[in-house]
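Q: Sharing a structure below in structure tokens format, with a few things to ask.
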Amino acid sequence: MKDIETYIPFAKKACDFFTNSPDPYHCVLNNVTKLEQAGYIQLSKREPFSGKIKPGGKYYYTFNKTTLVAFAVGCQYQPGNGFKIVGGHTDSPNLKVKPHSKSLGSGCVMLGVECYGGGLWHTWLDRDLGISGRVLVREICTDDESSGKNREKVIQKFVKISRPIARVSSLCIHLKTVEERKSLTVNKETHLTPILGTAGVLMDGIKRQLTGTGNEASDDGDDCDGKEGKEQDFWKRQQDPFLLELLATELGVQIKDIADFELNLFDTQPACLGGIKNEFLYSARLDNQATCFVAIESLIAYSDSSRSGSAFENDSDISMVCLFDHEEVGSSSAHGAGSPIVSEAVRRISTALSDNPGTLNPDLYAASIRKSLLFSVDQAHAIHPSFPSKHEKNHSPYMNGGVVIKTNQNQRYTTNGVTGFIVRELVRKAKIAPIQEFVVRNDCPCGSTIGPILSAATGIRTVDAGMPQLSMHSCREVMGIVDLTNGKELIHAFFQYFRDIDDSLEG
């Protein structure tokens with residue numbers, strides 16, 4: 001291993017990415033910004049790709065602004081050649097704002113939230129929470145300057161409020177029974193409602209709160225119409241008016257123009273380095289934004305044809321990164337890994353690059369599928385020094401010890417003898433950090449990834465791997481900074497060496 005100091009600049013870059021990506025919208029947006037700076041061109045999903053892509057070209061498109069497909073066509077690409085696909089996901093467990101966000105209780109103004117995914121929900125207690133996501137805003141635009149006719153248009157704006165505006169407070173130890181003190185049980189419906197403020201201050205003004213005059217706010221929310229008065233929009237009547245006011249101020253719009261939103265809460269503490277030698281990275285959403293970060297960084301670096309002697313100049317395949325939403329809730333959505341996104345991408349790109357553009361040769365398409373590999377990259381479970389018995393003793397990966405190949409014969413992971421060998425051979429050829437192995441204990445349950453879903457849907461060979469971490473699905477997680485570089489180097493090696501290795505395999 002190189003000196004730890006050499007890994008810090010890349011880790012600090014990752015910290016900035018994690019801090020500025022509190023949700024899938026911002027995760028995709030920040031990656032798109034990097035792609036465009038690197039010369040990637042946006043494609044429209046609603047128009048044919050034929051005539052728009054060519055060998056040596058670099059492209060991307062998105063779904064729902066939470067799923068990203070980015071790819072670079074090798075300069076020596078020929079129809080029927082393969083796809084090197086890295087798959088990850090943009091979502092993480094969090095608290096999402098309910099459609100009816102307004103909530104009051106015991107003199108406090110609260111925010112209705114729904115638990116998304118399988119979080120370690122007790123870790124959300126007593127955290128300083130901001131709010132982020134997508135807001136739909138009505139705008140009036142002019143169709144034609146000469147006619148002067150106006151029409152309403154609904155646009156999407158992203159919001160990220162990083163100051164602490166909400167908190168889920170824990171119950172003090174003095175009010176807990178002996179049994180309650182022994183457990184960390186959290187009722188997701190009743191114990192995780194964040195407090196925005198006190199009803200007296202927000203609704204009656206600070207002076208009334210201090211003097212004790214005025215009526216107490218009722219628990220049915222009738223007094224929570226705020227400065228806008230009685231709102232005729234039935235959707236707005238169910239929202240906290242002070243949340244709407246905050247969003248309007250942040251976005252520079254009027255409250256009346258806010259049509260809808262999709263918001264979630266996030267821990268406002270920035271990502272940072274830690275440990276005695278700064279060898280750890282502490283952050284929310286490492287599962288799986290760590291993959292999102294290193295995958296796009298690797299794709300951009302590999303496809304940089306400005307470097308003399310670039311492997312991309314001699315590449316005859318297509319290098320692709322697909323980052324999906326909704327992995328934490330099963331991937332079954334129009335923009336999750338269970339959708340046709342990957343199959344459609346391979347088919348449309350193959351059609352656009354065929355000898356007869358616009359026409360897909362089924363035989364060449366089938367050959368392309370057989371020449372392809374999908375690298376499902378999701379964070380892996382490092383062995384926990386306080387709970388070593390939770391790992392199988394011969395398959396216990398360490399943080400800062402290298403990327404982990406995940407194997408499960410019951411197909412919770414897709415790795416088999418051939419795909420696992422390909423990854424190990426990538427390491428050998430690229431002379432990078434050795435691979436670690438993970439197999440779950442026979443007496444423990446096993447998680448899963450997008451790997452089995454994608455391999456079954458596309459027929460493309462797949463391998464499951466990931467960078468090791470602790471505290472997975474906690475509000476704040478930890479991984480080794482060396483493994484960020486290990487992950488980037490392995491994905492780069494996949495783009496560079498896969499074709500040579502695959503061509504050497506029998507059958």
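Residue numbers start at 1 in each chain; chains themselves are named A, B, ... in the order of the structure tokens; ligands are numbered from 1 in the order shown.
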Could you list, with a cut-off of 9 Å and counting only C-alpha atoms, the residues of stretch 256-345 of chain A near stretch 149-167 of chain A, each shown with its nearest atom pair and the distance in Å rounded to one decimal, rows sorted by chain and ascending number, as a Markdown table?

A:
| residue | atom | partner | partner_atom | distance |
| --- | --- | --- | --- | --- |
| A:Ala259 | CA | A:Val154 | CA | 8.0 |
| A:Leu263 | CA | A:Val159 | CA | 8.7 |
| A:Leu265 | CA | A:Ala166 | CA | 8.2 |
| A:Phe266 | CA | A:Ser162 | CA | 8.5 |
| A:Asp267 | CA | A:Pro164 | CA | 8.3 |
| A:Thr268 | CA | A:Ser162 | CA | 5.7 |
| A:Gln269 | CA | A:Ser162 | CA | 8.8 |

Q: Go ahead and save the residues from that selection, with all heavy atoms, as a compact mmCIF listing (two decimals), in the first residue's frame.

A:
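Now in selection29.txt:
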# COMPACT_ATOMS: atom_id res chain seq x y z
N ALA A 259 -46.39 23.73 -7.09
CA ALA A 259 -47.46 22.80 -7.46
C ALA A 259 -47.34 21.46 -6.75
O ALA A 259 -48.36 20.79 -6.50
CB ALA A 259 -47.44 22.57 -8.97
N LEU A 263 -39.65 15.42 -1.42
CA LEU A 263 -38.60 15.89 -0.52
C LEU A 263 -38.16 14.78 0.43
O LEU A 263 -38.94 13.87 0.74
CB LEU A 263 -39.10 17.08 0.30
CG LEU A 263 -39.60 18.30 -0.49
CD1 LEU A 263 -40.22 19.32 0.47
CD2 LEU A 263 -38.47 18.94 -1.28
N LEU A 265 -35.40 14.14 4.03
CA LEU A 265 -34.52 14.73 5.04
C LEU A 265 -33.13 14.13 4.93
O LEU A 265 -32.96 12.99 4.48
CB LEU A 265 -35.10 14.49 6.43
CG LEU A 265 -36.50 15.07 6.68
CD1 LEU A 265 -36.97 14.74 8.08
CD2 LEU A 265 -36.51 16.56 6.45
N PHE A 266 -32.14 14.89 5.37
CA PHE A 266 -30.77 14.38 5.36
C PHE A 266 -29.99 14.98 6.52
O PHE A 266 -30.31 16.08 7.01
CB PHE A 266 -30.07 14.68 4.03
CG PHE A 266 -29.83 16.14 3.77
CD1 PHE A 266 -28.63 16.74 4.11
CD2 PHE A 266 -30.81 16.93 3.17
CE1 PHE A 266 -28.40 18.09 3.87
CE2 PHE A 266 -30.59 18.28 2.91
CZ PHE A 266 -29.38 18.86 3.27
N ASP A 267 -28.97 14.26 6.94
CA ASP A 267 -28.09 14.72 8.01
C ASP A 267 -27.23 15.87 7.47
O ASP A 267 -26.54 15.72 6.46
CB ASP A 267 -27.23 13.56 8.48
CG ASP A 267 -26.31 13.92 9.64
OD1 ASP A 267 -26.46 15.03 10.19
OD2 ASP A 267 -25.45 13.10 9.99
N THR A 268 -27.29 17.01 8.14
CA THR A 268 -26.55 18.18 7.64
C THR A 268 -25.05 18.13 7.92
O THR A 268 -24.30 18.95 7.40
CB THR A 268 -27.11 19.48 8.26
OG1 THR A 268 -27.01 19.40 9.68
CG2 THR A 268 -28.56 19.69 7.86
N GLN A 269 -24.60 17.19 8.73
CA GLN A 269 -23.17 17.09 9.00
C GLN A 269 -22.43 16.71 7.73
O GLN A 269 -22.73 15.69 7.10
CB GLN A 269 -22.88 16.05 10.09
CG GLN A 269 -21.42 15.97 10.48
CD GLN A 269 -21.18 14.98 11.63
OE1 GLN A 269 -22.11 14.38 12.14
NE2 GLN A 269 -19.93 14.82 12.01

Q: Any idea what's packed within 9 Å of stretch 53-70 of chain A, counting only C-alpha atoms, ignoring anything in its chain fewer than 6 positions away? Could you give it as an mmCIF file with N, CA and C atoms, in the first residue's frame?

A:
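Output (part24.cif):
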data_model
loop_
_atom_site.group_PDB
_atom_site.id
_atom_site.type_symbol
_atom_site.label_atom_id
_atom_site.label_comp_id
_atom_site.auth_asym_id
_atom_site.auth_seq_id
_atom_site.Cartn_x
_atom_site.Cartn_y
_atom_site.Cartn_z
ATOM 1 N N ASP A 23 -29.569 13.461 -2.063
ATOM 2 C CA ASP A 23 -30.672 12.646 -2.578
ATOM 3 C C ASP A 23 -30.320 12.209 -3.997
ATOM 4 N N PRO A 24 -31.109 11.307 -4.602
ATOM 5 C CA PRO A 24 -30.803 10.859 -5.968
ATOM 6 C C PRO A 24 -30.803 11.979 -7.001
ATOM 7 N N TYR A 25 -31.650 12.993 -6.824
ATOM 8 C CA TYR A 25 -31.679 14.103 -7.775
ATOM 9 C C TYR A 25 -30.325 14.800 -7.846
ATOM 10 N N HIS A 26 -29.795 15.146 -6.694
ATOM 11 C CA HIS A 26 -28.509 15.845 -6.670
ATOM 12 C C HIS A 26 -27.350 14.913 -7.025
ATOM 13 N N CYS A 27 -27.474 13.639 -6.698
ATOM 14 C CA CYS A 27 -26.443 12.668 -7.072
ATOM 15 C C CYS A 27 -26.310 12.607 -8.590
ATOM 16 N N VAL A 28 -27.449 12.519 -9.283
ATOM 17 C CA VAL A 28 -27.425 12.486 -10.745
ATOM 18 C C VAL A 28 -26.986 13.843 -11.304
ATOM 19 N N LEU A 29 -27.527 14.922 -10.759
ATOM 20 C CA LEU A 29 -27.171 16.260 -11.236
ATOM 21 C C LEU A 29 -25.670 16.507 -11.146
ATOM 22 N N ASN A 31 -23.247 14.331 -11.020
ATOM 23 C CA ASN A 31 -22.522 13.488 -11.972
ATOM 24 C C ASN A 31 -22.697 13.987 -13.403
ATOM 25 N N VAL A 32 -23.889 14.471 -13.727
ATOM 26 C CA VAL A 32 -24.123 15.028 -15.063
ATOM 27 C C VAL A 32 -23.231 16.248 -15.294
ATOM 28 N N LEU A 35 -19.880 14.989 -16.185
ATOM 29 C CA LEU A 35 -19.875 14.389 -17.522
ATOM 30 C C LEU A 35 -19.849 15.466 -18.606
ATOM 31 N N GLU A 36 -20.669 16.491 -18.442
ATOM 32 C CA GLU A 36 -20.706 17.559 -19.451
ATOM 33 C C GLU A 36 -19.380 18.308 -19.507
ATOM 34 N N ALA A 38 -16.628 16.975 -19.092
ATOM 35 C CA ALA A 38 -15.698 16.061 -19.755
ATOM 36 C C ALA A 38 -16.076 15.815 -21.216
ATOM 37 N N GLY A 39 -17.061 16.553 -21.727
ATOM 38 C CA GLY A 39 -17.410 16.446 -23.143
ATOM 39 C C GLY A 39 -18.506 15.464 -23.473
ATOM 40 N N TYR A 40 -19.196 14.955 -22.482
ATOM 41 C CA TYR A 40 -20.320 14.040 -22.747
ATOM 42 C C TYR A 40 -21.522 14.841 -23.227
ATOM 43 N N ILE A 41 -22.238 14.282 -24.197
ATOM 44 C CA ILE A 41 -23.373 14.956 -24.835
ATOM 45 C C ILE A 41 -24.668 14.302 -24.373
ATOM 46 N N GLN A 42 -25.657 15.118 -24.030
ATOM 47 C CA GLN A 42 -26.944 14.592 -23.597
ATOM 48 C C GLN A 42 -27.762 14.128 -24.800
ATOM 49 N N LEU A 43 -28.340 12.938 -24.675
ATOM 50 C CA LEU A 43 -29.250 12.395 -25.679
ATOM 51 C C LEU A 43 -30.682 12.513 -25.192
ATOM 52 N N SER A 44 -31.602 12.693 -26.118
ATOM 53 C CA SER A 44 -33.022 12.696 -25.781
ATOM 54 C C SER A 44 -33.565 11.280 -25.893
ATOM 55 N N LYS A 45 -34.210 10.799 -24.861
ATOM 56 C CA LYS A 45 -34.799 9.451 -24.885
ATOM 57 C C LYS A 45 -35.972 9.375 -25.849
ATOM 58 N N GLN A 76 -12.683 2.196 -31.908
ATOM 59 C CA GLN A 76 -12.589 1.121 -32.898
ATOM 60 C C GLN A 76 -13.829 0.222 -32.880
ATOM 61 N N TYR A 77 -14.943 0.732 -32.394
ATOM 62 C CA TYR A 77 -16.157 -0.075 -32.278
ATOM 63 C C TYR A 77 -16.615 -0.605 -33.632
ATOM 64 N N GLN A 78 -17.051 -1.874 -33.608
ATOM 65 C CA GLN A 78 -17.666 -2.514 -34.764
ATOM 66 C C GLN A 78 -19.000 -3.116 -34.337
ATOM 67 N N HIS A 89 -26.483 2.181 -7.700
ATOM 68 C CA HIS A 89 -27.770 2.820 -7.419
ATOM 69 C C HIS A 89 -27.572 4.148 -6.703
ATOM 70 N N THR A 90 -28.504 5.056 -6.941
ATOM 71 C CA THR A 90 -28.403 6.430 -6.443
ATOM 72 C C THR A 90 -29.153 6.653 -5.138
ATOM 73 N N ASP A 91 -30.011 5.719 -4.743
ATOM 74 C CA ASP A 91 -30.864 5.930 -3.564
ATOM 75 C C ASP A 91 -30.264 5.318 -2.312
ATOM 76 N N ILE A 296 -18.366 7.025 -12.181
ATOM 77 C CA ILE A 296 -18.323 8.132 -13.132
ATOM 78 C C ILE A 296 -16.907 8.696 -13.249
ATOM 79 N N LEU A 299 -15.097 6.287 -15.554
ATOM 80 C CA LEU A 299 -15.537 6.395 -16.953
ATOM 81 C C LEU A 299 -14.954 7.640 -17.613
ATOM 82 N N SER A 303 -12.244 7.479 -20.716
ATOM 83 C CA SER A 303 -12.665 7.961 -22.038
ATOM 84 C C SER A 303 -12.016 9.281 -22.421
ATOM 85 N N SER A 305 -9.788 10.938 -24.319
ATOM 86 C CA SER A 305 -8.965 10.645 -25.498
ATOM 87 C C SER A 305 -7.905 11.707 -25.749
ATOM 88 N N PHE A 312 -8.636 4.050 -24.708
ATOM 89 C CA PHE A 312 -9.929 4.299 -25.343
ATOM 90 C C PHE A 312 -9.787 4.419 -26.859
ATOM 91 N N GLU A 313 -8.654 4.904 -27.334
ATOM 92 C CA GLU A 313 -8.436 5.047 -28.775
ATOM 93 C C GLU A 313 -8.438 3.696 -29.481
ATOM 94 N N ASP A 315 -10.111 0.999 -28.189
ATOM 95 C CA ASP A 315 -11.221 0.219 -27.632
ATOM 96 C C ASP A 315 -12.238 -0.096 -28.727
ATOM 97 N N SER A 316 -12.659 -1.359 -28.773
ATOM 98 C CA SER A 316 -13.644 -1.775 -29.774
ATOM 99 C C SER A 316 -15.010 -2.059 -29.158
ATOM 100 N N ILE A 318 -18.123 -0.847 -25.960
ATOM 101 C CA ILE A 318 -18.792 0.312 -25.378
ATOM 102 C C ILE A 318 -18.667 0.237 -23.861
ATOM 103 N N SER A 319 -18.161 1.295 -23.256
ATOM 104 C CA SER A 319 -18.020 1.379 -21.798
ATOM 105 C C SER A 319 -19.201 2.178 -21.254
ATOM 106 N N MET A 320 -19.891 1.624 -20.272
ATOM 107 C CA MET A 320 -21.151 2.220 -19.818
ATOM 108 C C MET A 320 -21.262 2.188 -18.299
ATOM 109 N N VAL A 321 -21.903 3.210 -17.737
ATOM 110 C CA VAL A 321 -22.267 3.242 -16.320
ATOM 111 C C VAL A 321 -23.765 3.487 -16.230
ATOM 112 N N CYS A 322 -24.461 2.639 -15.477
ATOM 113 C CA CYS A 322 -25.902 2.788 -15.235
ATOM 114 C C CYS A 322 -26.123 2.899 -13.730
ATOM 115 N N LEU A 323 -26.678 4.018 -13.302
ATOM 116 C CA LEU A 323 -26.934 4.257 -11.882
ATOM 117 C C LEU A 323 -28.439 4.386 -11.684
ATOM 118 N N PHE A 324 -29.018 3.449 -10.931
ATOM 119 C CA PHE A 324 -30.463 3.326 -10.837
ATOM 120 C C PHE A 324 -31.022 3.878 -9.529
ATOM 121 N N ASP A 325 -32.250 4.297 -9.592
ATOM 122 C CA ASP A 325 -33.023 4.648 -8.405
ATOM 123 C C ASP A 325 -33.724 3.386 -7.886
ATOM 124 N N ALA A 334 -40.267 2.212 -12.945
ATOM 125 C CA ALA A 334 -39.967 2.570 -14.334
ATOM 126 C C ALA A 334 -38.533 3.015 -14.524
ATOM 127 N N HIS A 335 -37.850 3.399 -13.428
ATOM 128 C CA HIS A 335 -36.454 3.814 -13.540
ATOM 129 C C HIS A 335 -35.566 3.088 -12.540
ATOM 130 N N GLY A 336 -36.022 1.910 -12.091
ATOM 131 C CA GLY A 336 -35.201 1.040 -11.263
ATOM 132 C C GLY A 336 -34.510 -0.010 -12.123
ATOM 133 N N ILE A 341 -34.440 -0.535 -18.753
ATOM 134 C CA ILE A 341 -33.460 0.504 -19.097
ATOM 135 C C ILE A 341 -32.193 -0.077 -19.729
ATOM 136 N N VAL A 342 -31.600 -1.104 -19.127
ATOM 137 C CA VAL A 342 -30.342 -1.636 -19.668
ATOM 138 C C VAL A 342 -30.571 -2.337 -21.002
ATOM 139 N N ALA A 345 -31.151 0.238 -23.580
ATOM 140 C CA ALA A 345 -29.920 0.966 -23.922
ATOM 141 C C ALA A 345 -29.056 0.154 -24.883
ATOM 142 N N ILE A 349 -28.541 1.509 -28.718
ATOM 143 C CA ILE A 349 -27.177 1.865 -29.128
ATOM 144 C C ILE A 349 -26.696 0.947 -30.243
ATOM 145 N N ALA A 352 -28.377 2.021 -33.463
ATOM 146 C CA ALA A 352 -27.841 3.271 -33.997
ATOM 147 C C ALA A 352 -26.466 3.092 -34.627
ATOM 148 N N LEU A 353 -25.703 2.102 -34.143
ATOM 149 C CA LEU A 353 -24.342 1.896 -34.629
ATOM 150 C C LEU A 353 -24.227 0.733 -35.611
#

Q: Quick one: everything within 10 Å of A:Arg347, counting only C-alpha atoms, minus sequence neighbours fewer than 5 positions away in the same chain. Send it as a compact mmCIF listing (two decimals) with N, CA, C and O atoms, in the first residue's frame.

A:
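To be explicit, this is the file written out as result.txt:
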# COMPACT_ATOMS: atom_id res chain seq x y z
N ILE A 341 -34.44 -0.53 -18.75
CA ILE A 341 -33.46 0.50 -19.10
C ILE A 341 -32.19 -0.08 -19.73
O ILE A 341 -31.73 0.41 -20.77
N VAL A 342 -31.60 -1.10 -19.13
CA VAL A 342 -30.34 -1.64 -19.67
C VAL A 342 -30.57 -2.34 -21.00
O VAL A 342 -29.84 -2.10 -21.98
N ALA A 352 -28.38 2.02 -33.46
CA ALA A 352 -27.84 3.27 -34.00
C ALA A 352 -26.47 3.09 -34.63
O ALA A 352 -26.09 3.83 -35.55
N LEU A 360 -31.86 -3.13 -36.56
CA LEU A 360 -31.13 -4.01 -35.64
C LEU A 360 -31.03 -5.40 -36.23
O LEU A 360 -32.04 -6.02 -36.58
N ASN A 361 -29.82 -5.88 -36.34
CA ASN A 361 -29.58 -7.26 -36.78
C ASN A 361 -29.68 -8.16 -35.56
O ASN A 361 -28.82 -8.10 -34.67
N PRO A 362 -30.72 -9.02 -35.46
CA PRO A 362 -30.91 -9.84 -34.26
C PRO A 362 -29.71 -10.73 -33.96
O PRO A 362 -29.40 -10.98 -32.79
N TYR A 365 -26.98 -8.59 -32.49
CA TYR A 365 -27.40 -8.17 -31.15
C TYR A 365 -27.16 -9.29 -30.14
O TYR A 365 -26.63 -9.06 -29.04
N ALA A 366 -27.52 -10.51 -30.52
CA ALA A 366 -27.30 -11.66 -29.62
C ALA A 366 -25.81 -11.87 -29.37
O ALA A 366 -25.39 -12.18 -28.25
N SER A 368 -23.57 -9.54 -29.41
CA SER A 368 -23.14 -8.45 -28.54
C SER A 368 -23.44 -8.77 -27.08
O SER A 368 -22.60 -8.52 -26.20
N ILE A 369 -24.61 -9.33 -26.82
CA ILE A 369 -24.97 -9.70 -25.44
C ILE A 369 -23.98 -10.71 -24.89
O ILE A 369 -23.55 -10.62 -23.72

Q: Please provide the set of residues having any atom within 8 Å of stretch 1-6 of chain A, restricted to only C-alpha atoms, with same-chain residues fewer than 4 positions apart removed, written as an NGL selection string.

A: :A and (277 or 279 or 433 or 482)

Q: Go ahead and dump the residues you just picked, C-alpha atoms, as a JSON list (two decimals), in the first residue's frame.

A:
[["chain", "number", "residue", "atom", "x", "y", "z"],
["A", 277, "LYS", "CA", -4.23, 8.96, 10.03],
["A", 279, "GLU", "CA", -7.71, 6.74, 6.78],
["A", 433, "ALA", "CA", -4.78, -3.92, -5.02],
["A", 482, "VAL", "CA", -7.86, 3.55, 0.24]]

Q: Using only C-alpha atoms, find the one residue out of A:Glu262, A:Glu344, A:Glu425, A:Asp287 that sits nearest to A:Leu505.

A: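 Looking only at the distances to A:Leu505, the closest residue turns out to be A:Glu425.
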
Q: Determine which residues of stretch 171-359 of chain A receive a DSSP assignment of strand (DSSP E), computed from the backbone, and state them as a ChimeraX atom specification.

A: /A:195-198,258-267,272-274,280-283,318-324

Q: Mind giving me the straight-line distance from atom CA of A:Arg412 to atom CA of A:Ser448 in Å, one decimal?

A: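 About the pair atom CA of A:Arg412 and atom CA of A:Ser448: they are 4.9 Å apart.
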
Q: Of the candidates A:His492, A:His384, A:Arg441, A:Lys371, which shows the shortest atom-to-atom distance to A:Phe83, using only C-alpha atoms?

A: A:Lys371

Q: How would you write, as a ChimeraX atom specification, the set of residues in stretch 313-499 of chain A that DSSP gives as helix (DSSP H, G or I)?

A: /A:313-314,327-329,341-352,362-370,388-390,417-430,450-458,481-499

Q: Please produce an output containing C-alpha atoms for each residue in the selection, written as an mmCIF file, in the first residue's frame.

A:
data_model
loop_
_atom_site.group_PDB
_atom_site.id
_atom_site.type_symbol
_atom_site.label_atom_id
_atom_site.label_comp_id
_atom_site.auth_asym_id
_atom_site.auth_seq_id
_atom_site.Cartn_x
_atom_site.Cartn_y
_atom_site.Cartn_z
ATOM 1 C CA GLU A 313 -8.436 5.047 -28.775
ATOM 2 C CA ASN A 314 -8.014 1.306 -29.371
ATOM 3 C CA GLU A 327 -32.642 -0.310 -5.324
ATOM 4 C CA GLU A 328 -33.345 0.019 -1.607
ATOM 5 C CA VAL A 329 -37.020 -0.821 -2.170
ATOM 6 C CA ILE A 341 -33.460 0.504 -19.097
ATOM 7 C CA VAL A 342 -30.342 -1.636 -19.668
ATOM 8 C CA SER A 343 -31.880 -3.890 -22.337
ATOM 9 C CA GLU A 344 -33.273 -0.832 -24.083
ATOM 10 C CA ALA A 345 -29.920 0.966 -23.922
ATOM 11 C CA VAL A 346 -28.032 -1.967 -25.437
ATOM 12 C CA ARG A 347 -30.669 -2.401 -28.143
ATOM 13 C CA ARG A 348 -30.928 1.292 -29.081
ATOM 14 C CA ILE A 349 -27.177 1.865 -29.128
ATOM 15 C CA SER A 350 -26.594 -1.301 -31.155
ATOM 16 C CA THR A 351 -29.277 -0.220 -33.617
ATOM 17 C CA ALA A 352 -27.841 3.271 -33.997
ATOM 18 C CA PRO A 362 -30.911 -9.841 -34.256
ATOM 19 C CA ASP A 363 -27.905 -12.103 -34.790
ATOM 20 C CA LEU A 364 -25.377 -9.332 -34.158
ATOM 21 C CA TYR A 365 -27.398 -8.168 -31.154
ATOM 22 C CA ALA A 366 -27.299 -11.655 -29.624
ATOM 23 C CA ALA A 367 -23.554 -11.824 -30.259
ATOM 24 C CA SER A 368 -23.145 -8.455 -28.540
ATOM 25 C CA ILE A 369 -24.974 -9.704 -25.444
ATOM 26 C CA ARG A 370 -22.657 -12.726 -25.242
ATOM 27 C CA PRO A 388 -16.457 -10.627 14.362
ATOM 28 C CA SER A 389 -18.704 -13.674 14.749
ATOM 29 C CA LYS A 390 -21.145 -12.188 12.225
ATOM 30 C CA GLY A 417 -16.506 -19.152 -11.361
ATOM 31 C CA VAL A 418 -16.018 -17.380 -14.684
ATOM 32 C CA THR A 419 -17.115 -13.862 -13.738
ATOM 33 C CA GLY A 420 -15.184 -14.017 -10.475
ATOM 34 C CA PHE A 421 -12.082 -15.119 -12.405
ATOM 35 C CA ILE A 422 -12.471 -12.161 -14.784
ATOM 36 C CA VAL A 423 -12.334 -9.704 -11.887
ATOM 37 C CA ARG A 424 -9.298 -11.373 -10.343
ATOM 38 C CA GLU A 425 -7.600 -11.363 -13.745
ATOM 39 C CA LEU A 426 -8.320 -7.644 -14.096
ATOM 40 C CA VAL A 427 -6.398 -7.098 -10.860
ATOM 41 C CA ARG A 428 -3.505 -9.227 -12.080
ATOM 42 C CA LYS A 429 -3.199 -7.472 -15.438
ATOM 43 C CA ALA A 430 -3.577 -3.969 -14.011
ATOM 44 C CA ILE A 450 -29.256 -5.180 -8.649
ATOM 45 C CA GLY A 451 -26.996 -7.936 -10.046
ATOM 46 C CA PRO A 452 -29.496 -10.831 -10.069
ATOM 47 C CA ILE A 453 -32.255 -8.547 -11.369
ATOM 48 C CA LEU A 454 -30.194 -7.255 -14.294
ATOM 49 C CA SER A 455 -28.635 -10.582 -15.250
ATOM 50 C CA ALA A 456 -32.044 -12.268 -15.406
ATOM 51 C CA ALA A 457 -33.576 -9.404 -17.399
ATOM 52 C CA THR A 458 -30.762 -8.981 -19.935
ATOM 53 C CA ILE A 481 -10.274 6.030 1.822
ATOM 54 C CA VAL A 482 -7.862 3.554 0.239
ATOM 55 C CA ASP A 483 -10.820 1.561 -1.049
ATOM 56 C CA LEU A 484 -12.170 4.562 -2.941
ATOM 57 C CA THR A 485 -8.996 4.531 -5.019
ATOM 58 C CA ASN A 486 -9.118 0.726 -5.194
ATOM 59 C CA GLY A 487 -12.648 0.943 -6.569
ATOM 60 C CA LYS A 488 -11.749 3.557 -9.162
ATOM 61 C CA GLU A 489 -8.709 1.587 -10.332
ATOM 62 C CA LEU A 490 -10.653 -1.663 -10.618
ATOM 63 C CA ILE A 491 -13.431 -0.114 -12.712
ATOM 64 C CA HIS A 492 -10.831 1.567 -14.914
ATOM 65 C CA ALA A 493 -9.120 -1.821 -15.338
ATOM 66 C CA PHE A 494 -12.495 -3.342 -16.275
ATOM 67 C CA PHE A 495 -12.929 -0.824 -19.092
ATOM 68 C CA GLN A 496 -9.345 -1.293 -20.264
ATOM 69 C CA TYR A 497 -8.669 -5.028 -19.999
ATOM 70 C CA PHE A 498 -12.008 -6.858 -20.138
ATOM 71 C CA ARG A 499 -11.934 -7.527 -23.886
#

Q: So how far away is atom CA of A:Asp378 from atom CA of A:Asn394, in Å?

A: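 Here the two named atoms are 20.9 Å from each other.
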
Q: What does the distance between atom CA of A:Glu437 and atom CA of A:Gly117 come to in Å, to one decimal place?

A: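 One can read the atom CA of A:Glu437 to atom CA of A:Gly117 distance as 26.2 Å.
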
Q: Env of A:Cys272: 7 Å cut, atoms = only C-alpha atoms, seq-sep filter 5 positions within chain, self excluded. Answer as an MDAnalysis selection string.

A: chainID A and resid 15 281:283

Q: Mind running stretch 120-194 of chain A against stretch 462-477 of chain A at 9 Å and telling me each contacting residue's nearest atom pair with the distance in Å (one decimal), counting only C-alpha atoms, chain and number ascending, as a Markdown table?

A:
| residue | atom | partner | partner_atom | distance |
| --- | --- | --- | --- | --- |
| A:Leu120 | CA | A:Ser474 | CA | 5.0 |
| A:Trp121 | CA | A:Ser474 | CA | 7.3 |
| A:His122 | CA | A:Ser474 | CA | 8.4 |
| A:Thr123 | CA | A:Cys475 | CA | 5.5 |
| A:Trp124 | CA | A:Cys475 | CA | 5.7 |
| A:Arg127 | CA | A:Cys475 | CA | 8.6 |

Q: Could you save those same residues with N, CA, C and O atoms as an mmCIF file, in the first residue's frame?

A:
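The resulting out_16.cif:
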data_model
loop_
_atom_site.group_PDB
_atom_site.id
_atom_site.type_symbol
_atom_site.label_atom_id
_atom_site.label_comp_id
_atom_site.auth_asym_id
_atom_site.auth_seq_id
_atom_site.Cartn_x
_atom_site.Cartn_y
_atom_site.Cartn_z
ATOM 1 N N LEU A 120 -31.341 1.872 9.469
ATOM 2 C CA LEU A 120 -31.131 1.723 10.914
ATOM 3 C C LEU A 120 -31.721 2.977 11.548
ATOM 4 O O LEU A 120 -31.026 3.971 11.792
ATOM 5 N N TRP A 121 -33.024 2.928 11.809
ATOM 6 C CA TRP A 121 -33.763 4.161 12.088
ATOM 7 C C TRP A 121 -33.377 4.817 13.406
ATOM 8 O O TRP A 121 -33.505 6.038 13.546
ATOM 9 N N HIS A 122 -32.878 4.053 14.365
ATOM 10 C CA HIS A 122 -32.470 4.687 15.619
ATOM 11 C C HIS A 122 -31.303 5.647 15.411
ATOM 12 O O HIS A 122 -31.090 6.557 16.223
ATOM 13 N N THR A 123 -30.538 5.472 14.324
ATOM 14 C CA THR A 123 -29.406 6.371 14.083
ATOM 15 C C THR A 123 -29.861 7.737 13.574
ATOM 16 O O THR A 123 -29.048 8.664 13.475
ATOM 17 N N TRP A 124 -31.135 7.879 13.231
ATOM 18 C CA TRP A 124 -31.664 9.180 12.803
ATOM 19 C C TRP A 124 -32.087 10.043 13.992
ATOM 20 O O TRP A 124 -32.406 11.221 13.811
ATOM 21 N N ARG A 127 -30.281 13.857 15.256
ATOM 22 C CA ARG A 127 -29.426 14.381 14.192
ATOM 23 C C ARG A 127 -30.009 15.715 13.704
ATOM 24 O O ARG A 127 -31.216 15.923 13.712
#
